[in-house]
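Heads up, structure-v7.csv below (CSV, C-alpha atoms):
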chain,number,residue,atom,x,y,z
Y,1,MET,CA,58.5,163.1,-40.3
Y,2,VAL,CA,59.9,162.6,-43.8
Y,3,ARG,CA,57.9,163.7,-46.7
Y,4,LYS,CA,58.8,163.6,-50.4
Y,5,THR,CA,58.5,166.4,-52.9
Y,6,ARG,CA,56.1,165.9,-55.8
Y,7,CYS,CA,58.7,165.9,-58.6
Y,8,THR,CA,62.1,164.8,-57.4
Y,9,GLY,CA,61.4,162.6,-54.4
Y,10,ARG,CA,63.9,164.6,-52.3
Y,11,ARG,CA,63.6,164.5,-48.5
Y,12,ALA,CA,62.0,167.6,-47.0
Y,13,GLY,CA,64.5,170.3,-46.0
Y,14,ARG,CA,67.3,169.0,-48.3
Y,15,PRO,CA,68.4,171.6,-50.8
Y,16,GLY,CA,67.9,170.7,-54.4
Y,17,PRO,CA,70.4,171.1,-57.2
Y,18,PRO,CA,71.1,174.6,-58.4
Y,19,SER,CA,69.3,176.0,-61.5
Y,20,GLY,CA,69.3,179.1,-63.7
Y,21,TYR,CA,67.3,180.9,-61.1
Y,22,ALA,CA,70.5,181.2,-59.0
Y,23,LEU,CA,72.1,183.4,-61.7
Y,24,LEU,CA,69.1,185.7,-62.5
Y,25,PRO,CA,69.7,188.2,-59.7
Y,26,TRP,CA,72.9,189.3,-61.4
Y,27,LEU,CA,70.8,190.9,-64.1
Y,28,LEU,CA,70.3,193.7,-61.6
Y,29,LEU,CA,73.7,195.0,-62.8
Y,30,GLY,CA,71.8,196.2,-65.9
Y,31,LEU,CA,69.5,198.5,-64.0
Y,32,GLY,CA,71.8,201.5,-64.6
Y,33,SER,CA,71.5,201.0,-68.4
Y,34,PHE,CA,67.8,200.5,-68.1
Y,35,SER,CA,67.5,203.8,-66.1
Y,36,ASN,CA,69.5,205.6,-68.8
Y,37,ILE,CA,67.1,204.3,-71.5
Y,38,VAL,CA,64.0,205.3,-69.5
Y,39,GLN,CA,65.4,208.8,-68.8
Y,40,GLY,CA,66.5,209.3,-72.4
Y,41,ARG,CA,70.1,209.6,-71.7
Y,42,THR,CA,71.1,207.4,-74.6
Y,43,PRO,CA,71.3,208.5,-78.2
Y,44,ASN,CA,68.9,205.8,-79.5
Y,45,PRO,CA,66.5,204.8,-76.7
Y,46,TRP,CA,64.5,202.4,-78.9
Y,47,LEU,CA,67.5,200.7,-80.4
Y,48,ASP,CA,69.2,200.5,-77.0
Y,49,GLY,CA,66.1,199.1,-75.4
Y,50,ILE,CA,65.9,196.4,-78.0
Y,51,GLY,CA,69.6,195.6,-77.4
Y,52,LEU,CA,69.0,195.4,-73.7
Y,53,LEU,CA,66.0,193.1,-74.2
Y,54,VAL,CA,68.0,190.8,-76.6
Y,55,PHE,CA,70.9,190.7,-74.1
Y,56,ASN,CA,68.7,189.7,-71.2
Y,57,SER,CA,66.8,187.1,-73.3
Y,58,LEU,CA,70.1,185.5,-74.4
Y,59,TYR,CA,71.5,185.6,-70.8
Y,60,ILE,CA,68.4,183.9,-69.4
Y,61,SER,CA,68.4,181.3,-72.2
Y,62,VAL,CA,72.1,180.5,-71.7
Y,63,VAL,CA,72.2,180.2,-67.9
Y,64,PHE,CA,69.1,178.0,-67.8
Y,65,ARG,CA,70.4,175.7,-70.5
Y,66,ALA,CA,73.8,175.5,-68.6
Y,67,PHE,CA,72.4,173.4,-65.8
Y,68,ASP,CA,71.5,170.5,-68.2
Y,69,ARG,CA,74.6,168.8,-69.5
Y,70,THR,CA,73.0,167.8,-72.8
Y,71,SER,CA,71.7,171.3,-73.4
Y,72,ARG,CA,74.9,172.9,-72.2
Y,73,ASP,CA,77.0,171.1,-74.8
Y,74,SER,CA,74.6,171.7,-77.7
Y,75,ARG,CA,75.4,173.9,-80.6
Y,76,ALA,CA,72.4,176.1,-79.9
Y,77,THR,CA,73.8,177.0,-76.5
Y,78,ARG,CA,77.2,177.8,-78.0
Y,79,TRP,CA,75.7,180.0,-80.7
Y,80,SER,CA,73.6,181.8,-78.2
Y,81,LEU,CA,76.7,182.5,-76.2
Y,82,VAL,CA,78.4,183.8,-79.3
Y,83,ALA,CA,75.4,186.1,-80.1
Y,84,MET,CA,75.4,187.3,-76.5
Y,85,GLY,CA,79.1,188.1,-76.8
Y,86,VAL,CA,78.6,190.2,-79.9
Y,87,MET,CA,75.7,192.0,-78.3
Y,88,THR,CA,77.7,192.6,-75.1
Y,89,PHE,CA,80.8,194.0,-76.7
Y,90,GLY,CA,78.7,196.0,-79.2
Y,91,LEU,CA,76.7,197.8,-76.5
Y,92,ALA,CA,79.8,198.2,-74.2
Y,93,ALA,CA,82.0,199.6,-77.0
Y,94,ALA,CA,79.2,201.9,-78.3
Y,95,TYR,CA,78.1,203.5,-75.0
Y,96,GLY,CA,80.6,202.7,-72.1
Y,97,GLY,CA,79.5,203.8,-68.7
Y,98,SER,CA,77.0,201.5,-67.0
Y,99,TRP,CA,76.9,199.4,-70.2
Y,100,LEU,CA,80.4,198.1,-69.3
Y,101,LEU,CA,78.9,196.1,-66.4
Y,102,PHE,CA,77.4,193.8,-69.0
Y,103,LEU,CA,81.0,192.5,-69.6
Y,104,PRO,CA,81.1,190.7,-66.1
Y,105,LEU,CA,77.6,189.4,-66.8
Y,106,PHE,CA,78.8,187.9,-70.1
Y,107,GLY,CA,81.8,186.4,-68.2
Y,108,LEU,CA,79.3,184.8,-65.7
Y,109,ALA,CA,77.4,183.3,-68.6
Y,110,CYS,CA,80.6,181.9,-70.2
Y,111,GLY,CA,81.5,180.3,-66.8
Y,112,SER,CA,78.2,178.6,-66.5
Y,113,VAL,CA,78.6,176.9,-70.0
Y,114,LEU,CA,82.3,176.3,-70.5
Y,115,ARG,CA,84.6,173.9,-68.7
Y,116,GLY,CA,88.2,172.8,-68.8
Y,117,ARG,CA,90.6,174.0,-71.6
Y,118,ALA,CA,87.9,175.8,-73.5
Y,119,LEU,CA,87.2,177.9,-70.4
Y,120,ALA,CA,90.9,178.9,-70.1
Y,121,TRP,CA,91.2,180.0,-73.7
Y,122,VAL,CA,87.9,181.9,-73.8
Y,123,GLY,CA,88.5,183.4,-70.3
Y,124,ALA,CA,91.9,184.9,-71.5
Y,125,LEU,CA,90.4,186.3,-74.7
Y,126,VAL,CA,87.2,187.7,-73.2
Y,127,SER,CA,89.1,189.3,-70.3
Y,128,ALA,CA,91.6,190.9,-72.7
Y,129,ALA,CA,88.8,192.2,-74.9
Y,130,ALA,CA,86.9,193.5,-71.9
Y,131,ALA,CA,90.0,195.3,-70.8
Y,132,VAL,CA,90.5,197.0,-74.2
Y,133,THR,CA,86.8,197.9,-74.5
Y,134,ALA,CA,86.7,199.4,-71.0
Y,135,ALA,CA,90.0,201.2,-71.4
Y,136,TYR,CA,88.6,203.0,-74.4
Y,137,HIS,CA,85.9,204.6,-72.3
Y,138,ASP,CA,87.2,204.5,-68.7
Y,139,GLY,CA,91.0,204.5,-68.8
Y,140,TRP,CA,92.4,202.8,-65.7
Y,141,GLY,CA,89.0,201.8,-64.6
Y,142,ALA,CA,89.2,199.0,-67.1
Y,143,VAL,CA,91.3,197.0,-64.6
Y,144,SER,CA,88.2,196.4,-62.4
Y,145,ILE,CA,86.0,195.6,-65.4
Y,146,ALA,CA,88.6,193.1,-66.8
Y,147,TYR,CA,89.2,191.6,-63.3
Y,148,GLY,CA,85.5,191.3,-62.7
Y,149,THR,CA,84.9,189.6,-66.0
Y,150,PHE,CA,87.7,187.1,-65.4
Y,151,ILE,CA,86.7,186.3,-61.8
Y,152,SER,CA,83.0,186.0,-62.5
Y,153,MET,CA,83.8,183.5,-65.3
Y,154,MET,CA,86.2,181.3,-63.3
Y,155,VAL,CA,84.3,181.4,-60.0
Y,156,THR,CA,81.0,180.5,-61.7
Y,157,SER,CA,82.6,177.6,-63.5
Y,158,ALA,CA,84.3,176.3,-60.4
Y,159,LEU,CA,81.2,176.5,-58.2
Y,160,LEU,CA,79.0,174.8,-60.8
Y,161,THR,CA,81.6,172.1,-61.4
Y,162,LEU,CA,81.8,171.5,-57.6
Y,163,SER,CA,78.0,171.3,-57.4
Y,164,GLU,CA,77.9,168.7,-60.2
Y,165,THR,CA,80.6,166.7,-58.6
Y,166,VAL,CA,78.7,166.7,-55.2
Y,167,ARG,CA,75.5,165.7,-57.0
Y,168,GLU,CA,77.2,162.8,-58.8
Y,169,LEU,CA,78.8,161.6,-55.6
Y,170,ARG,CA,75.5,161.7,-53.8
Y,171,ASP,CA,73.9,159.7,-56.6
Y,172,THR,CA,76.8,157.2,-56.5
Y,173,ARG,CA,76.4,156.8,-52.8
Y,174,LEU,CA,72.7,156.1,-53.2
Y,175,GLU,CA,73.4,153.6,-55.9
Y,176,LEU,CA,76.0,151.8,-53.8
Y,177,ALA,CA,73.5,151.6,-50.9
Y,178,ARG,CA,70.9,150.1,-53.2
Y,179,SER,CA,73.5,147.7,-54.6
Y,180,ALA,CA,74.5,146.6,-51.0
Y,181,VAL,CA,70.9,145.9,-50.2
Y,182,ASP,CA,70.5,143.9,-53.3
Y,183,GLN,CA,73.7,141.9,-52.7
Y,184,GLU,CA,72.6,141.2,-49.1
Y,185,ARG,CA,69.1,140.1,-50.4
Y,186,LEU,CA,70.8,137.8,-52.9
Y,187,ARG,CA,73.2,136.4,-50.3
Y,188,PHE,CA,70.3,135.6,-47.9
Y,189,SER,CA,68.1,133.9,-50.6
Y,190,ARG,CA,71.1,132.0,-51.9
Y,191,ASP,CA,72.2,130.7,-48.5
Y,192,LEU,CA,68.6,129.9,-47.5
Y,193,HIS,CA,68.2,127.8,-50.6
Y,194,ASP,CA,71.5,126.0,-50.1
Y,195,LEU,CA,70.7,125.3,-46.5
Y,196,LEU,CA,67.0,124.4,-46.6
Y,197,GLY,CA,67.0,122.6,-50.0
Y,198,HIS,CA,69.4,119.9,-48.7
Y,199,THR,CA,68.2,119.9,-45.1
Y,200,MET,CA,64.5,119.5,-45.9
Y,201,SER,CA,65.4,116.6,-48.3
Y,202,VAL,CA,67.3,114.9,-45.5
Y,203,ILE,CA,64.4,115.4,-43.1
Y,204,VAL,CA,61.8,114.0,-45.6
Y,205,ILE,CA,64.0,111.0,-46.4
Y,206,LYS,CA,64.6,110.1,-42.8
Y,207,ALA,CA,60.9,110.7,-41.9
Y,208,GLU,CA,60.0,108.2,-44.7
Y,209,ALA,CA,62.6,105.7,-43.4
Y,210,ALA,CA,61.2,106.1,-39.8
Y,211,ARG,CA,57.7,105.4,-41.1
Y,212,ARG,CA,58.8,102.3,-42.9
Y,213,LEU,CA,60.7,101.0,-39.9
Y,214,ALA,CA,58.2,101.9,-37.2
Y,215,SER,CA,56.2,98.6,-37.5
Y,216,ARG,CA,59.1,96.2,-37.8
Y,217,ASP,CA,62.1,97.8,-36.1
Y,218,PRO,CA,61.1,100.5,-33.5
Y,219,ASP,CA,64.6,101.1,-32.4
Y,220,ALA,CA,65.8,101.9,-35.9
Y,221,ALA,CA,62.8,104.1,-36.4
Y,222,LEU,CA,63.7,106.0,-33.2
Y,223,SER,CA,67.2,106.4,-34.4
Y,224,GLN,CA,65.9,108.0,-37.6
Y,225,VAL,CA,63.7,110.3,-35.5
Y,226,ALA,CA,66.7,111.3,-33.4
Y,227,ASP,CA,68.5,112.1,-36.6
Y,228,ILE,CA,65.6,114.2,-37.8
Y,229,GLU,CA,65.7,116.2,-34.5
Y,230,SER,CA,69.5,116.7,-34.8
Y,231,VAL,CA,69.2,117.8,-38.4
Y,232,GLY,CA,66.4,120.2,-37.6
Y,233,ARG,CA,68.3,121.7,-34.7
Y,234,GLN,CA,71.4,122.2,-36.8
Y,235,ALA,CA,69.3,123.7,-39.6
Y,236,LEU,CA,67.9,126.3,-37.2
Y,237,ALA,CA,71.4,127.2,-36.1
Y,238,GLU,CA,72.6,127.5,-39.7
Y,239,ILE,CA,69.6,129.7,-40.6
Y,240,ARG,CA,70.4,132.1,-37.7
Y,241,GLU,CA,74.0,132.2,-38.9
Y,242,ALA,CA,72.9,132.9,-42.5
Y,243,VAL,CA,70.6,135.7,-41.3
Y,244,THR,CA,73.5,137.4,-39.5
Y,245,GLY,CA,75.9,136.7,-42.4
Y,246,TYR,CA,78.5,134.9,-40.3
Y,247,ARG,CA,78.0,131.3,-41.4
Y,248,GLU,CA,81.1,129.3,-41.8
Y,249,GLY,CA,80.9,126.0,-43.5
Y,250,SER,CA,82.6,122.7,-42.6
Y,251,LEU,CA,83.2,120.2,-45.5
Y,252,ALA,CA,83.6,117.3,-43.0
Y,253,THR,CA,80.1,118.1,-41.6
Y,254,ASP,CA,78.6,118.3,-45.0
Y,255,LEU,CA,80.2,115.0,-46.0
Y,256,ASP,CA,78.8,113.3,-42.9
Y,257,ARG,CA,75.3,114.6,-43.6
Y,258,ALA,CA,75.6,113.5,-47.2
Y,259,ARG,CA,76.6,110.0,-46.1
Y,260,SER,CA,73.6,109.9,-43.7
Y,261,ALA,CA,71.1,111.3,-46.3
Y,262,LEU,CA,72.3,108.7,-48.9
Y,263,SER,CA,72.0,105.9,-46.5
Y,264,ALA,CA,68.5,106.9,-45.4
Y,265,ALA,CA,67.5,107.0,-49.1
Y,266,GLY,CA,68.8,103.5,-49.7
Y,267,ILE,CA,71.8,104.6,-51.7
Y,268,ALA,CA,75.1,103.1,-50.6
Y,269,PRO,CA,77.6,106.0,-49.9
Y,270,ASP,CA,81.3,105.9,-50.6
Y,271,VAL,CA,83.1,109.0,-49.3
Y,272,ARG,CA,86.8,109.5,-49.8
Y,273,ARG,CA,88.9,112.5,-48.8
Y,274,SER,CA,92.5,113.3,-49.3
Y,275,GLY,CA,94.8,116.3,-49.6
Y,276,PRO,CA,95.9,119.2,-47.4
Y,277,PRO,CA,93.4,121.2,-45.2
Y,278,LEU,CA,91.3,123.7,-47.0
Y,279,GLU,CA,90.6,127.4,-46.3
Y,280,PRO,CA,87.2,128.2,-44.8
Y,281,GLN,CA,86.1,129.8,-48.1
Y,282,ALA,CA,86.9,126.6,-50.1
Y,283,GLU,CA,85.1,124.5,-47.5
Y,284,VAL,CA,81.9,126.6,-47.8
Y,285,LEU,CA,81.8,126.4,-51.6
Y,286,LEU,CA,82.5,122.7,-51.7
Y,287,GLY,CA,80.0,122.1,-49.0
Y,288,TRP,CA,77.4,123.8,-51.1
Y,289,VAL,CA,78.3,121.6,-54.1
Y,290,VAL,CA,78.1,118.4,-51.9
Y,291,ARG,CA,74.6,119.5,-50.7
Y,292,GLU,CA,73.3,120.2,-54.1
Y,293,ALA,CA,74.7,117.1,-55.8
Y,294,VAL,CA,73.5,114.8,-53.0
Y,295,THR,CA,70.1,116.4,-53.0
Y,296,ASN,CA,69.7,115.9,-56.7
Y,297,ALA,CA,70.9,112.3,-56.4
Y,298,VAL,CA,68.4,111.5,-53.7
Y,299,ARG,CA,65.5,113.2,-55.5
Y,300,HIS,CA,66.1,112.2,-59.1
Y,301,SER,CA,68.8,109.5,-59.6
Y,302,GLY,CA,67.2,106.2,-58.4
Y,303,ALA,CA,70.8,105.1,-57.8
Y,304,ALA,CA,72.0,102.2,-55.7
Y,305,HIS,CA,75.5,103.6,-55.1
Y,306,CYS,CA,77.0,107.1,-54.9
Y,307,THR,CA,80.7,108.0,-54.6
Y,308,ILE,CA,82.0,111.3,-53.2
Y,309,THR,CA,85.7,112.0,-53.7
Y,310,VAL,CA,87.6,115.0,-52.4
Y,311,ASP,CA,91.2,115.1,-53.8
Y,312,GLY,CA,93.4,118.1,-53.0
Y,313,THR,CA,96.9,119.4,-53.9
Y,314,ALA,CA,98.8,122.4,-52.6
Y,315,GLU,CA,97.1,124.6,-55.2
Y,316,ARG,CA,93.7,123.2,-56.1
Y,317,VAL,CA,91.1,120.8,-54.8
Y,318,ARG,CA,88.8,118.6,-56.8
Y,319,LEU,CA,85.4,117.3,-55.7
Y,320,THR,CA,83.6,114.5,-57.7
Y,321,VAL,CA,80.1,113.2,-56.9
Y,322,VAL,CA,79.1,110.2,-59.1
Y,323,ASP,CA,76.0,108.0,-58.9
Y,324,ASP,CA,75.0,104.9,-60.8
Y,325,GLY,CA,71.3,105.7,-61.2
Y,326,THR,CA,69.1,105.9,-64.2
Y,327,GLY,CA,68.3,109.6,-63.7
Y,328,GLY,CA,71.4,111.0,-65.4
Y,329,ALA,CA,69.6,111.9,-68.6
Y,330,GLY,CA,66.7,113.2,-66.7
Y,331,GLN,CA,68.8,115.3,-64.5
Y,332,SER,CA,70.6,116.8,-67.5
Y,333,ALA,CA,67.4,117.6,-69.3
Y,334,GLU,CA,65.9,119.0,-66.1
Y,335,THR,CA,68.9,121.2,-65.5
Y,336,ALA,CA,68.9,122.4,-69.1
Y,337,GLU,CA,65.2,123.3,-69.0
Y,338,GLY,CA,65.5,125.0,-65.6
Y,339,GLY,CA,63.8,122.3,-63.7
Y,340,GLY,CA,64.4,120.6,-60.3
Y,341,SER,CA,66.4,122.8,-58.0
Y,342,GLU,CA,67.0,125.2,-60.9
Y,343,ARG,CA,63.4,126.2,-60.7
Y,344,ALA,CA,64.2,128.0,-57.5
Y,345,GLY,CA,65.4,131.2,-59.1
Y,346,GLY,CA,68.4,129.5,-60.8
Y,347,THR,CA,70.2,128.9,-57.5
Y,348,GLY,CA,71.0,125.2,-58.1
Y,349,LEU,CA,73.9,123.7,-60.1
Y,350,LYS,CA,73.8,126.6,-62.5
Y,351,GLY,CA,74.1,129.2,-59.7
Y,352,LEU,CA,76.9,127.2,-58.2
Y,353,THR,CA,78.7,127.2,-61.5
Y,354,GLU,CA,78.7,131.0,-61.5
Y,355,ARG,CA,79.8,131.2,-57.9
Y,356,LEU,CA,82.8,128.9,-58.4
Y,357,ALA,CA,83.8,130.7,-61.6
Y,358,ALA,CA,83.8,134.0,-59.8
Y,359,VAL,CA,86.6,132.7,-57.5
Y,360,GLY,CA,88.7,131.0,-60.1
Y,361,GLY,CA,87.0,127.6,-60.0
Y,362,SER,CA,84.8,125.5,-62.3
Y,363,LEU,CA,81.8,123.1,-62.0
Y,364,GLU,CA,80.7,120.5,-64.6
Y,365,ALA,CA,77.6,118.4,-64.3
Y,366,GLY,CA,76.2,115.8,-66.7
Y,367,PRO,CA,75.8,112.1,-67.5
Y,368,ALA,CA,78.6,109.9,-66.2
Y,369,ARG,CA,81.0,108.7,-68.9
Y,370,GLY,CA,81.6,105.1,-69.6
Y,371,ALA,CA,84.4,103.4,-71.6
Y,372,GLY,CA,85.6,105.5,-74.5
Y,373,GLY,CA,83.9,108.6,-73.2
Y,374,VAL,CA,80.5,107.4,-74.2
Y,375,PRO,CA,77.7,108.6,-71.8
Y,376,GLY,CA,76.8,105.9,-69.4
Y,377,ALA,CA,74.3,105.4,-66.6
Y,378,GLY,CA,74.3,107.8,-63.7
Y,379,PHE,CA,75.2,111.4,-63.2
Y,380,ARG,CA,78.5,113.1,-62.3
Y,381,VAL,CA,79.3,116.5,-60.7
Y,382,VAL,CA,82.9,117.7,-60.8
Y,383,ALA,CA,84.0,120.9,-59.0
Y,384,VAL,CA,87.5,122.3,-59.2
Y,385,LEU,CA,88.5,125.1,-56.9
Y,386,PRO,CA,91.7,126.9,-55.7
Y,387,VAL,CA,92.7,125.9,-52.2
Y,388,ASP,CA,92.3,129.5,-51.1
Y,389,PRO,CA,89.7,131.3,-53.2
Y,390,LEU,CA,90.0,134.6,-51.3
Y,391,ALA,CA,93.8,134.8,-52.1
Y,392,ALA,CA,93.2,133.8,-55.7
Y,393,THR,CA,90.6,136.5,-56.4
Y,394,GLY,CA,91.2,139.1,-53.7
Y,395,ARG,CA,87.5,139.3,-52.8
Y,396,PRO,CA,85.1,137.5,-50.4
Y,397,LEU,CA,82.5,134.9,-51.4
Y,398,ASP,CA,79.7,137.4,-51.0
Y,399,ASP,CA,81.1,139.3,-54.0
Y,400,ALA,CA,80.5,136.3,-56.2
Y,401,PRO,CA,77.6,136.9,-58.6
Y,402,ALA,CA,74.3,135.1,-58.0
Y,403,ARG,CA,71.5,134.4,-60.5
Y,404,THR,CA,68.3,136.3,-59.9
Entire entry expressed as structure tokens:
Amino acid sequence: MVRKTRCTGRRAGRPGPPSGYALLPWLLLGLGSFSNIVQGRTPNPWLDGIGLLVFNSLYISVVFRAFDRTSRDSRATRWSLVAMGVMTFGLAAAYGGSWLLFLPLFGLACGSVLRGRALAWVGALVSAAAAVTAAYHDGWGAVSIAYGTFISMMVTSALLTLSETVRELRDTRLELARSAVDQERLRFSRDLHDLLGHTMSVIVIKAEAARRLASRDPDAALSQVADIESVGRQALAEIREAVTGYREGSLATDLDRARSALSAAGIAPDVRRSGPPLEPQAEVLLGWVVREAVTNAVRHSGAAHCTITVDGTAERVRLTVVDDGTGGAGQSAETAEGGGSERAGGTGLKGLTERLAAVGGSLEAGPARGAGGVPGAGFRVVAVLPVDPLAATGRPLDDAPART
């Protein structure tokens, strides 16, 4: 069973990040000096005791501050390290013997605080000073003191740097996992909106048409009911594909559905397509634009005619959806205010604009232009897209940003 700790939320049994407690046991190197003070083997026991207390206090302060990056880089920590160095070399130079063991302890403290080029310079200077100080009291025994000072400094810095890197990598992995979950959630909500928004509109329109035709033309009404069944079954299949993430669009299918939806709504469709075959990614994006534009036209335009034109070249494809309704201004205002399909979390025309822009395309929506560029009746949606969006951007469609 997984349980969380009170403060950090780590899983039980997982070791936490290192802290200053890991470096405290090294203070046992000072037991020899403490024993000398207690037994009165030093010339000034009280002064030496105060020096030992100050050294230990500075050591504890420095190593605990070293595990917080902000505190480690502060001036207070650097000055504490300088004061500790003065105390260390003062005691070692004055008494020698067991007091020389404080030099490797000082090296350990330096390694916990310093990194990079600063560590190299300080390591060389401190090691040389330790060798000179130890040689004054211990002759050739200074080699082990200088070596211990240098190694304790470098190894401590290397281990702490490695620990920080591992912790940063773990945090990055967790952040990437959270990001992947968020992206999958956005993909699912985006595809669900694009699928159901159009499909439900078609079902409602055909159901209304079947109700109107039931009394005077039962055969036509049954034809609309059959279309409802077909659209519903196809919607179920598309939802399953969207859930598994393997949905592939077909622009021809979306154009056929758009023609059927417009006809059922009493809007005369005019669908024209020319140009070379498109890559699946381009067909998916343009299919979403067709769905959204036709859904808006059916819901808001009050149009009598709607033209859908797909015109492609070897590099780019252009999709234009134009209706002659009176809802152009209303649609523009509604889009600007976040209404209509934009109310569904911003996943309508505004969301499609972002998705096309992410793969090198563009989308414009607004009132249709009349002679001289003056806004006229109706509404127009124009989408321009590279023939192969994946090759143009080097990333799949799911990497495109979505509004949340």
- Message: Calculated over only C-alpha atoms, which of the candidates Y:Ala265, Y:Met200, Y:Ile308, Y:Ile145 has the smallest distance to Leu251 (chain Y)?
- Response: Y:Ile308
- Query: With distances taken over all atoms listed in the file, which of Y:Leu285, Y:Pro218, Y:Asp323, Y:Val317 is nearest to Thr353 (chain Y)?
  - Reply: Y:Leu285
- Query: In Å, with one decimal, what is the gap from CA of Ala130 (chain Y) to CA of Tyr21 (chain Y)?
  - Reply: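 Pair CA of Ala130 (chain Y) / CA of Tyr21 (chain Y) returns 25.7 Å.
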- Item | Sel. within 7 Å of pt (68.2, 110.1, -48.7), counting all atoms listed in the file, output as a PyMOL selection string | chain Y and resi 202+205-206+261-266+298
- Message: Between Y:Ala293, Y:Ser260, Y:Thr309, Y:Asp73, which residue has the minimum interatomic distance to Lys350 (chain Y), considering only C-alpha atoms?
- Response: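 With only C-alpha atoms as the atom set, the closest residue is Y:Ala293.
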- Item | Pairwise distance for CA of Ser152 (chain Y) and CA of Phe67 (chain Y), rounded to one decimal in Å |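 We find that CA of Ser152 (chain Y) and CA of Phe67 (chain Y) lie 16.8 Å from each other.
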- Message: Residues near Phe102 (chain Y), anyone? I mean within 12 Å using only C-alpha atoms, not counting same-chain ones fewer than 6 positions away, as a PyMOL selection string.
- Response: chain Y and resi 26-34+51-52+55-56+59+84-93+95-96+108-109+130+133-134+145-146+148-149+152
- How far is it from CA of Leu100 (chain Y) to CA of Phe150 (chain Y), in Å with one decimal? 13.8 Å
- Which residue out of Y:Val113, Y:Leu319, Y:Ala22, Y:Val387 has the minimum interatomic distance to Arg273 (chain Y) when all atoms listed in the file are used? Y:Leu319
- Once you count all atoms listed in the file, which residues end up no further than 10 Å from (83.0, 121.2, -61.0) in the file's frame, shown as an NGL selection string? :Y and (286 or 289 or 318-321 or 349 or 352-353 or 356-357 or 361-365 or 380-385)
Print the selection's residues with C-alpha atoms to a file, as a compact mmCIF listing (two decimals), in the frame of the given file.
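What ended up in part-v6.txt:
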# COMPACT_ATOMS: atom_id res chain seq x y z
CA LEU Y 286 82.50 122.70 -51.70
CA VAL Y 289 78.30 121.60 -54.10
CA ARG Y 318 88.80 118.60 -56.80
CA LEU Y 319 85.40 117.30 -55.70
CA THR Y 320 83.60 114.50 -57.70
CA VAL Y 321 80.10 113.20 -56.90
CA LEU Y 349 73.90 123.70 -60.10
CA LEU Y 352 76.90 127.20 -58.20
CA THR Y 353 78.70 127.20 -61.50
CA LEU Y 356 82.80 128.90 -58.40
CA ALA Y 357 83.80 130.70 -61.60
CA GLY Y 361 87.00 127.60 -60.00
CA SER Y 362 84.80 125.50 -62.30
CA LEU Y 363 81.80 123.10 -62.00
CA GLU Y 364 80.70 120.50 -64.60
CA ALA Y 365 77.60 118.40 -64.30
CA ARG Y 380 78.50 113.10 -62.30
CA VAL Y 381 79.30 116.50 -60.70
CA VAL Y 382 82.90 117.70 -60.80
CA ALA Y 383 84.00 120.90 -59.00
CA VAL Y 384 87.50 122.30 -59.20
CA LEU Y 385 88.50 125.10 -56.90
